[in-house]
>>> print(open('model_8.json').read())   # JSON, C-alpha atoms
[["chain", "number", "residue", "atom", "x", "y", "z"],
["A", 1, "MET", "CA", -17.03, -36.33, -11.65],
["A", 2, "ILE", "CA", -14.81, -33.36, -10.70],
["A", 3, "ARG", "CA", -12.94, -34.03, -7.46],
["A", 4, "LEU", "CA", -12.39, -30.97, -5.26],
["A", 5, "LEU", "CA", -10.17, -29.90, -2.37],
["A", 6, "VAL", "CA", -11.65, -26.98, -0.42],
["A", 7, "ALA", "CA", -9.41, -24.90, 1.87],
["A", 8, "ASP", "CA", -10.54, -22.01, 4.09],
["A", 9, "ASP", "CA", -9.49, -21.11, 7.63],
["A", 10, "GLU", "CA", -13.09, -20.18, 8.56],
["A", 11, "THR", "CA", -14.75, -23.49, 9.43],
["A", 12, "LEU", "CA", -18.31, -22.31, 8.80],
["A", 13, "VAL", "CA", -17.45, -20.89, 5.37],
["A", 14, "ARG", "CA", -15.41, -23.95, 4.36],
["A", 15, "GLU", "CA", -18.04, -26.47, 5.43],
["A", 16, "ALA", "CA", -20.88, -24.48, 3.84],
["A", 17, "LEU", "CA", -18.97, -24.25, 0.57],
["A", 18, "ALA", "CA", -18.21, -27.98, 0.67],
["A", 19, "VAL", "CA", -21.89, -28.80, 1.24],
["A", 20, "LEU", "CA", -23.12, -26.47, -1.52],
["A", 21, "LEU", "CA", -20.61, -27.79, -4.06],
["A", 22, "GLY", "CA", -21.35, -31.37, -3.00],
["A", 23, "LEU", "CA", -25.01, -30.87, -3.97],
["A", 24, "GLU", "CA", -23.97, -30.60, -7.60],
["A", 25, "PRO", "CA", -24.29, -34.01, -9.33],
["A", 26, "ASP", "CA", -20.91, -33.78, -11.06],
["A", 27, "LEU", "CA", -18.85, -32.30, -8.19],
["A", 28, "THR", "CA", -17.50, -34.06, -5.10],
["A", 29, "VAL", "CA", -15.41, -32.63, -2.25],
["A", 30, "ILE", "CA", -12.78, -35.24, -1.39],
["A", 31, "ALA", "CA", -10.74, -33.20, 1.13],
["A", 32, "GLN", "CA", -10.87, -30.08, 3.28],
["A", 33, "ALA", "CA", -8.10, -28.01, 4.88],
["A", 34, "ASP", "CA", -8.08, -25.02, 7.22],
["A", 35, "ASN", "CA", -4.65, -23.69, 6.24],
["A", 36, "GLY", "CA", -2.35, -23.44, 3.24],
["A", 37, "ALA", "CA", 0.25, -25.97, 4.40],
["A", 38, "ASP", "CA", -2.37, -28.70, 4.88],
["A", 39, "ALA", "CA", -3.91, -27.82, 1.52],
["A", 40, "VAL", "CA", -0.53, -28.42, -0.18],
["A", 41, "THR", "CA", -0.10, -31.76, 1.61],
["A", 42, "LEU", "CA", -3.64, -32.91, 0.78],
["A", 43, "ALA", "CA", -3.33, -31.85, -2.85],
["A", 44, "GLU", "CA", -0.19, -33.96, -3.14],
["A", 45, "SER", "CA", -1.66, -37.04, -1.43],
["A", 46, "ARG", "CA", -5.27, -36.94, -2.72],
["A", 47, "LEU", "CA", -4.66, -35.36, -6.15],
["A", 48, "PRO", "CA", -7.97, -33.55, -6.60],
["A", 49, "ASP", "CA", -8.87, -32.18, -10.02],
["A", 50, "ILE", "CA", -9.25, -28.67, -8.63],
["A", 51, "ALA", "CA", -8.17, -27.02, -5.36],
["A", 52, "VAL", "CA", -10.53, -24.23, -4.27],
["A", 53, "LEU", "CA", -8.46, -22.05, -1.93],
["A", 54, "ASP", "CA", -9.32, -19.05, 0.23],
["A", 55, "LEU", "CA", -6.81, -16.31, -0.56],
["A", 56, "GLU", "CA", -6.65, -14.92, 3.00],
["A", 57, "MET", "CA", -5.72, -18.04, 5.01],
["A", 58, "PRO", "CA", -3.11, -17.44, 7.74],
["A", 59, "PRO", "CA", -0.31, -18.07, 8.41],
["A", 60, "GLN", "CA", 0.48, -18.66, 4.72],
["A", 61, "ASP", "CA", -2.09, -17.33, 2.27],
["A", 62, "GLY", "CA", -3.86, -19.13, -0.55],
["A", 63, "LEU", "CA", -1.47, -17.76, -3.14],
["A", 64, "TRP", "CA", 1.47, -19.30, -1.25],
["A", 65, "ALA", "CA", -0.41, -22.61, -1.25],
["A", 66, "ALA", "CA", -1.33, -22.25, -4.93],
["A", 67, "GLU", "CA", 2.30, -21.77, -5.94],
["A", 68, "ARG", "CA", 3.37, -24.89, -4.05],
["A", 69, "ILE", "CA", 0.47, -27.01, -5.27],
["A", 70, "ARG", "CA", 1.25, -26.08, -8.87],
["A", 71, "GLU", "CA", 4.94, -26.96, -8.31],
["A", 72, "ALA", "CA", 4.38, -30.26, -6.48],
["A", 73, "SER", "CA", 1.21, -31.41, -8.26],
["A", 74, "PRO", "CA", 1.06, -29.70, -11.67],
["A", 75, "GLY", "CA", -1.99, -31.77, -12.68],
["A", 76, "VAL", "CA", -4.08, -30.07, -9.98],
["A", 77, "LYS", "CA", -5.79, -26.88, -11.12],
["A", 78, "VAL", "CA", -6.22, -24.07, -8.60],
["A", 79, "MET", "CA", -9.02, -21.57, -8.04],
["A", 80, "LEU", "CA", -8.61, -18.71, -5.56],
["A", 81, "VAL", "CA", -11.63, -17.32, -3.73],
["A", 82, "THR", "CA", -11.25, -13.97, -2.02],
["A", 83, "ARG", "CA", -13.13, -11.45, 0.09],
["A", 84, "HIS", "CA", -10.73, -8.63, -0.84],
["A", 85, "ALA", "CA", -8.83, -8.60, -4.13],
["A", 86, "ARG", "CA", -5.71, -6.62, -3.34],
["A", 87, "PRO", "CA", -4.04, -4.92, -6.31],
["A", 88, "GLY", "CA", -1.05, -6.94, -7.47],
["A", 89, "VAL", "CA", -2.34, -10.34, -6.31],
["A", 90, "LEU", "CA", -3.96, -11.24, -9.63],
["A", 91, "ARG", "CA", -0.71, -10.75, -11.54],
["A", 92, "ARG", "CA", 1.11, -13.03, -9.07],
["A", 93, "ALA", "CA", -1.73, -15.56, -9.21],
["A", 94, "LEU", "CA", -1.59, -15.77, -12.99],
["A", 95, "ALA", "CA", 2.18, -16.16, -12.88],
["A", 96, "ALA", "CA", 1.68, -19.06, -10.45],
["A", 97, "GLY", "CA", -0.62, -20.81, -12.92],
["A", 98, "VAL", "CA", -3.91, -20.21, -11.09],
["A", 99, "SER", "CA", -6.90, -21.09, -13.30],
["A", 100, "GLY", "CA", -9.61, -19.15, -11.50],
["A", 101, "PHE", "CA", -9.93, -16.02, -9.36],
["A", 102, "VAL", "CA", -13.37, -15.21, -7.96],
["A", 103, "PRO", "CA", -14.89, -13.14, -5.11],
["A", 104, "LYS", "CA", -16.64, -14.83, -2.18],
["A", 105, "THR", "CA", -19.83, -13.05, -3.26],
["A", 106, "THR", "CA", -20.10, -15.39, -6.27],
["A", 107, "PRO", "CA", -23.40, -17.37, -6.09],
["A", 108, "ALA", "CA", -22.92, -21.12, -5.52],
["A", 109, "GLU", "CA", -24.55, -22.05, -8.83],
["A", 110, "ARG", "CA", -22.25, -19.70, -10.74],
["A", 111, "LEU", "CA", -19.23, -20.97, -8.80],
["A", 112, "ALA", "CA", -20.11, -24.55, -9.75],
["A", 113, "GLN", "CA", -20.25, -23.58, -13.44],
["A", 114, "ILE", "CA", -16.87, -21.80, -13.20],
["A", 115, "ILE", "CA", -15.42, -24.95, -11.62],
["A", 116, "ARG", "CA", -16.77, -27.00, -14.54],
["A", 117, "ASP", "CA", -15.19, -24.57, -17.01],
["A", 118, "ILE", "CA", -11.85, -24.80, -15.22],
["A", 119, "GLY", "CA", -12.16, -28.58, -15.24],
["A", 120, "GLN", "CA", -12.42, -28.38, -19.03],
["A", 121, "GLY", "CA", -9.21, -26.39, -19.24],
["A", 122, "ARG", "CA", -10.62, -22.87, -19.34],
["A", 123, "ARG", "CA", -9.53, -19.98, -17.14],
["A", 124, "TYR", "CA", -11.90, -17.62, -15.33],
["A", 125, "ILE", "CA", -11.02, -14.26, -13.78],
["A", 126, "ASP", "CA", -13.76, -12.16, -12.22],
["A", 127, "PRO", "CA", -14.20, -9.01, -14.37],
["A", 128, "GLU", "CA", -14.05, -6.60, -11.41],
["A", 129, "ILE", "CA", -10.86, -8.19, -10.10],
["A", 130, "ALA", "CA", -9.37, -8.00, -13.60],
["A", 131, "ALA", "CA", -10.32, -4.31, -13.89],
["A", 132, "THR", "CA", -8.66, -3.56, -10.55],
["A", 133, "ALA", "CA", -5.49, -5.33, -11.67],
["A", 134, "LEU", "CA", -5.34, -3.29, -14.89],
["A", 135, "THR", "CA", -5.24, -0.03, -12.91],
["A", 136, "GLU", "CA", -2.78, -1.19, -10.24],
["A", 137, "ASP", "CA", 0.55, 0.45, -9.52],
["A", 138, "ARG", "CA", 3.59, -1.65, -10.33],
["A", 139, "SER", "CA", 5.94, -2.35, -7.46],
["A", 140, "PRO", "CA", 8.96, -0.04, -7.32],
["A", 141, "LEU", "CA", 10.78, -2.58, -5.12],
["A", 142, "THR", "CA", 13.40, -5.16, -6.04],
["A", 143, "GLU", "CA", 12.86, -8.86, -5.36],
["A", 144, "ARG", "CA", 15.31, -8.70, -2.44],
["A", 145, "GLU", "CA", 13.48, -5.72, -0.91],
["A", 146, "LEU", "CA", 10.19, -7.62, -1.26],
["A", 147, "ASP", "CA", 11.76, -10.68, 0.40],
["A", 148, "LEU", "CA", 12.78, -8.56, 3.37],
["A", 149, "LEU", "CA", 9.38, -6.90, 3.71],
["A", 150, "ARG", "CA", 7.76, -10.33, 3.53],
["A", 151, "ALA", "CA", 10.03, -11.48, 6.36],
["A", 152, "THR", "CA", 9.22, -8.30, 8.30],
["A", 153, "ARG", "CA", 5.52, -9.19, 8.17],
["A", 154, "GLY", "CA", 6.47, -12.46, 9.86],
["A", 155, "GLY", "CA", 7.38, -10.41, 12.94],
["A", 156, "GLY", "CA", 11.09, -11.20, 13.25],
["A", 157, "THR", "CA", 13.80, -8.89, 14.53],
["A", 158, "ILE", "CA", 16.48, -7.58, 12.18],
["A", 159, "GLU", "CA", 18.85, -10.25, 13.47],
["A", 160, "GLU", "CA", 16.28, -13.02, 12.96],
["A", 161, "ILE", "CA", 15.50, -11.84, 9.44],
["A", 162, "ALA", "CA", 19.22, -11.68, 8.67],
["A", 163, "ALA", "CA", 19.70, -15.26, 9.86],
["A", 164, "GLN", "CA", 16.62, -16.46, 7.97],
["A", 165, "LEU", "CA", 17.80, -14.94, 4.67],
["A", 166, "HIS", "CA", 21.54, -15.55, 5.24],
["A", 167, "LEU", "CA", 22.41, -11.86, 5.18],
["A", 168, "ALA", "CA", 24.34, -9.57, 7.51],
["A", 169, "PRO", "CA", 22.14, -7.44, 9.81],
["A", 170, "GLY", "CA", 23.63, -4.30, 8.28],
["A", 171, "THR", "CA", 22.65, -5.47, 4.80],
["A", 172, "VAL", "CA", 19.10, -6.12, 6.00],
["A", 173, "ARG", "CA", 18.90, -2.60, 7.47],
["A", 174, "ASN", "CA", 20.18, -1.09, 4.21],
["A", 175, "TYR", "CA", 17.62, -2.93, 2.06],
["A", 176, "LEU", "CA", 14.78, -2.07, 4.43],
["A", 177, "SER", "CA", 15.82, 1.59, 4.56],
["A", 178, "THR", "CA", 15.78, 1.72, 0.76],
["A", 179, "ALA", "CA", 12.32, 0.09, 0.66],
["A", 180, "MET", "CA", 11.00, 2.52, 3.28],
["A", 181, "ARG", "CA", 12.35, 5.48, 1.29],
["A", 182, "LYS", "CA", 10.82, 4.22, -1.97],
["A", 183, "LEU", "CA", 7.43, 3.75, -0.32],
["A", 184, "ASP", "CA", 7.68, 6.94, 1.78],
["A", 185, "LYS", "CA", 7.10, 5.03, 5.01],
["A", 186, "ARG", "CA", 8.67, 5.81, 8.39],
["A", 187, "THR", "CA", 8.97, 2.22, 9.65],
["A", 188, "ARG", "CA", 9.75, -1.13, 8.10],
["A", 189, "HIS", "CA", 6.44, -2.46, 9.44],
["A", 190, "ALA", "CA", 4.49, 0.30, 7.70],
["A", 191, "ALA", "CA", 6.39, -0.43, 4.48],
["A", 192, "ALA", "CA", 5.64, -4.14, 4.81],
["A", 193, "GLN", "CA", 1.95, -3.44, 5.45],
["A", 194, "HIS", "CA", 1.78, -1.19, 2.38],
["A", 195, "ALA", "CA", 3.46, -3.83, 0.20],
["A", 196, "TRP", "CA", 1.02, -6.45, 1.49],
["A", 197, "GLU", "CA", -2.01, -4.20, 0.85],
["A", 198, "GLN", "CA", -0.82, -3.68, -2.73],
["A", 199, "GLY", "CA", -0.44, -7.42, -3.22],
["A", 200, "TRP", "CA", 3.30, -7.24, -3.88],
["A", 201, "ILE", "CA", 4.08, -9.69, -1.08]]
>>> encode(input="model_8.json", output="structure tokens")
Amino acid sequence: MIRLLVADDETLVREALAVLLGLEPDLTVIAQADNGADAVTLAESRLPDIAVLDLEMPPQDGLWAAERIREASPGVKVMLVTRHARPGVLRRALAAGVSGFVPKTTPAERLAQIIRDIGQGRRYIDPEIAATALTEDRSPLTERELDLLRATRGGGTIEEIAAQLHLAPGTVRNYLSTAMRKLDKRTRHAAAQHAWEQGWI
């Protein structure tokens, strides 16, 4: 029996997925979460075989949860399910040790078989998502610039971001200005949105 954790912020989608997977004789859903932080906590306490995570869960996305689940509970395999595969996300997902990456349009029967394959140690990446990743643009930004754009998406002021990352406000402005110039964006928020759309943050 493959024990599953299902996490999705949309209650209807999460519960429907849990019911459909639970109909399979060799799959059982032992826990559900509606956000990434709870998914990490449940993965650590319940130790499912596989965590099936929605990529687009706010406030922290499924990739954030996947990275922490793999760090805290390395025996738990992770599958990401997504409505929109942003360029750049697949590369980060693979680096985080994710075992599966599938679109939400995957039929339930096919999803169940992919889960079985992952349970046996295989990896599955949807072909269309893989093709998109092969044609993606690489990020021109440094890790520090990406950190600051990630913090910008959190909605903080320059001073709040500086305090959060233990930097001087002037240093934050300099990094953000450089990122804006590299991405040809007029505001830090536009730069952060572009980086997010590309899957760099």
>>> axis_aligned_box(input="model_8.json", around="range 117-127 of chain A", padding_each_side="6 Å", output="JSON")
{"center_x": -12.2, "center_y": -18.8, "center_z": -15.8, "size_x": 18.0, "size_y": 31.6, "size_z": 19.1}
>>> closest_residue(input="model_8.json", among="A:Gly156, A:Gly119, A:Pro74, A:Gly199", to="Leu27 in chain A", atoms="all atoms listed in the file")
A:Gly119
>>> atom_distance(input="model_8.json", atom1="CA of Leu23 in chain A", atom2="CA of Ala51 in chain A")
17.3 Å
>>> atom_distance(input="model_8.json", atom1="CA of Gln193 in chain A", atom2="CA of Pro140 in chain A")
15.0 Å
>>> residues_around(input="model_8.json", residues="Arg14 in chain A", least_positions_apart="2", cutoff="12 Å", atoms="all atoms listed in the file", output="list in words")
Leu5, Val6, Ala7, Asp8, Asp9, Glu10, Thr11, Leu12, Ala16, Leu17, Ala18, Val19, Leu20, Leu21, Val29, Ala31, Gln32, Ala33, Asp34, Asn35, Val52, Leu53, Asp54, Met57, Val81 and Lys104 of chain A
>>> write_last_selection(input="model_8.json", atoms="C-alpha atoms", output="CSV table (one decimal), in the frame of the given file")
chain,number,residue,atom,x,y,z
A,5,LEU,CA,-10.2,-29.9,-2.4
A,6,VAL,CA,-11.6,-27.0,-0.4
A,7,ALA,CA,-9.4,-24.9,1.9
A,8,ASP,CA,-10.5,-22.0,4.1
A,9,ASP,CA,-9.5,-21.1,7.6
A,10,GLU,CA,-13.1,-20.2,8.6
A,11,THR,CA,-14.8,-23.5,9.4
A,12,LEU,CA,-18.3,-22.3,8.8
A,16,ALA,CA,-20.9,-24.5,3.8
A,17,LEU,CA,-19.0,-24.2,0.6
A,18,ALA,CA,-18.2,-28.0,0.7
A,19,VAL,CA,-21.9,-28.8,1.2
A,20,LEU,CA,-23.1,-26.5,-1.5
A,21,LEU,CA,-20.6,-27.8,-4.1
A,29,VAL,CA,-15.4,-32.6,-2.2
A,31,ALA,CA,-10.7,-33.2,1.1
A,32,GLN,CA,-10.9,-30.1,3.3
A,33,ALA,CA,-8.1,-28.0,4.9
A,34,ASP,CA,-8.1,-25.0,7.2
A,35,ASN,CA,-4.6,-23.7,6.2
A,52,VAL,CA,-10.5,-24.2,-4.3
A,53,LEU,CA,-8.5,-22.0,-1.9
A,54,ASP,CA,-9.3,-19.0,0.2
A,57,MET,CA,-5.7,-18.0,5.0
A,81,VAL,CA,-11.6,-17.3,-3.7
A,104,LYS,CA,-16.6,-14.8,-2.2
>>> atom_distance(input="model_8.json", atom1="CA of Arg70 in chain A", atom2="CA of Arg92 in chain A")
13.1 Å
>>> closest_residue(input="model_8.json", among="A:Ala168, A:Val78, A:Ile30, A:Leu149", to="Ala190 in chain A", atoms="only C-alpha atoms")
A:Leu149
>>> residues_around(input="model_8.json", residues="range 172-177 of chain A", least_positions_apart="2", cutoff="8 Å", atoms="only C-alpha atoms", output="ChimeraX atom specification")
/A:144-145,148-149,158,161-162,167-170,179-181,188
>>> closest_residue(input="model_8.json", among="A:Arg150, A:His166, A:Arg86, A:Arg138", to="His189 in chain A", atoms="all atoms listed in the file")
A:Arg150
>>> closest_residue(input="model_8.json", among="A:Leu80, A:Tyr124, A:Asp184, A:Ala66", to="Arg110 in chain A", atoms="only C-alpha atoms")
A:Tyr124
>>> closest_residue(input="model_8.json", among="A:Asp147, A:His84, A:Arg68, A:Gln164", to="Ile129 in chain A", atoms="only C-alpha atoms")
A:His84
>>> closest_residue(input="model_8.json", among="A:Ile201, A:Ala195, A:Leu42, A:Leu146", to="Trp64 in chain A", atoms="only C-alpha atoms")
A:Ile201
